[in-house]
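For reference, the structure is listed below as structure tokens.
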Amino acid sequence: MIEKKVIANYFYIITTSLVFFLFGSTLLIWLQSLDIGLKIQEQSPIVLELKSNYSKDSLQLMLDEMMSTANLHSSDIQFIAKEKAIEHMKAEMPNEQILTSEESLFRDLILVKMANKIKYLPSIKSIIQKYALIEGLDVENEFATKSMEVSNRLSKIMMFLTMAILIIAVVITSFLVKIYLQERQDVIIAMQNLGSPIEKITEPYLKQSIIYSIVSTLMAIGFLCIIILMLRFVAPWMYELIELRKCFLVVFVLLIIGPTLHYILVKSQILKMLKY
């Protein structure tokens, strides 16, 4: 009998931890998706197309001024010669489809990766106009634009999914609490018949349920941390998009919701059982 109760307690903790893990995962994805499109836009480089007769000395002066103005490092700026673009196109297409006149349309490119693109973009544009070495400037590439659209859709979907998972978590937890208390119903009713006050009847079960809820919540947080650490090695680009402060916010929400939900459900179920 004791072993059966121990197994039931383990089942109770593991099941609630999985429920909270599912809720925490959807909540974290929703919070991260709120501005993930903007992050992708910020990480997409600015493409500068150089004029055919640009001066290398003037180009270096312009890049130095851009680095000092926008807090850039040399690793944030990449030079791509037009010969590489032509070679890439020749590898993708038959040589007879590439005309010499078309090759002359290619320009040397500068890729500038800026962490705060929106903040420094006006200053960068003024520097570009000052040196007049740039034929064209591309700030919004197609991938970044599509990412913003997908991010907005994902955010709406995850918001409704998070609410749905929260409702499901409440229903499942309520069901588990009901089963947990039904096994102890005879003891609870016997204490009532002996004239024990309601506070004395509910106190041990509230304490035990809160302990179980804390353990299950910590397990759910542990599962989330493992998933995030796996992303660091499996998908580093995705890990870089994660904001740690939002992870801490999810941890805080789980630590509040877990014990509070159990406290409310256990107390209400005992009062219902005793017909209060």
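Chain labels follow the order of the structure tokens: the first chain is A, the next B, and so on; residue numbering restarts at 1 in every chain, and ligands are counted from 1 in their shown order.
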Strand (DSSP E) positions in region 107-240 of chain A, given as a list in words: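 Secondary structure check on region 107-240 of chain A, strand (DSSP E): Leu109, Ile110, Leu111, Val112, Ile134, Glu135, Gly136, Leu137 and Asp138 of chain A.
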Neighbour list for region 118-132 of chain A as a list of chain:residue names, cut-off 8 Å, only C-alpha atoms, skip fewer than 3 positions in-chain: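 With the cut-off at 8 Å, the set is A:Glu42, A:Ser58, A:Met62, A:Glu65, A:Met66, A:Thr69, A:Ala70.
Around Lys178 (chain A), within 12 Å and counting only C-alpha atoms, the residues found are A:Tyr12, A:Val171, A:Ile172, A:Arg184, A:Gln185, A:Ser209, A:His262, A:Leu265, A:Val266, A:Lys267, A:Ser268, A:Gln269, A:Ile270, A:Leu271, A:Lys272, A:Met273, once anything fewer than 6 positions away on its own chain is removed.
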For Lys56 (chain A), the nearest of the candidates A:Leu133, A:Val251, A:Leu176, A:Met238, counting only C-alpha atoms: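 Among A:Leu133, A:Val251, A:Leu176, A:Met238, it is A:Leu133 that comes nearest to Lys56 (chain A).
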Contacts of Leu34 (chain A) within 9 Å, only C-alpha atoms, excl. fewer than 6 positions in-chain, as a PyMOL selection string: chain A and resi 151-152+154-156
Residue contacts of His73 (chain A) (12 Å, only C-alpha atoms) excluding same-chain residues fewer than 4 positions away, as a PyMOL selection string: chain A and resi 63-69+77-78+112-115
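Summary of the local environment: counting only C-alpha atoms, residues at most 12 Å from Ile227 (chain A), other than itself and those fewer than 4 positions away along its chain, are Phe21, Gly24, Ser25, Leu28, Ala220, Ile221, Gly222, Phe223, Leu231, Arg232, Phe233, Val234, Ala235, Met238, Tyr239, Ile242 and Cys247 of chain A.
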Two-atom distance - CA of Leu22 (chain A), CA of Ser216 (chain A) (Å):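 Separating CA of Leu22 (chain A) from CA of Ser216 (chain A) is a distance of 12.3 Å.
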Surrounding residues of region 13-17 of chain A excluding itself and chain neighbours under 5 positions, 8 Å, only C-alpha atoms, as a list in words: Ile172, Thr173, Tyr212, Ser213, Val215, Ser216, Thr217, Leu218, Met219 and Ala220 of chain A
Atom pair CA of Leu274 (chain A) / CA of Gln182 (chain A): separation (Å): 11.9 Å
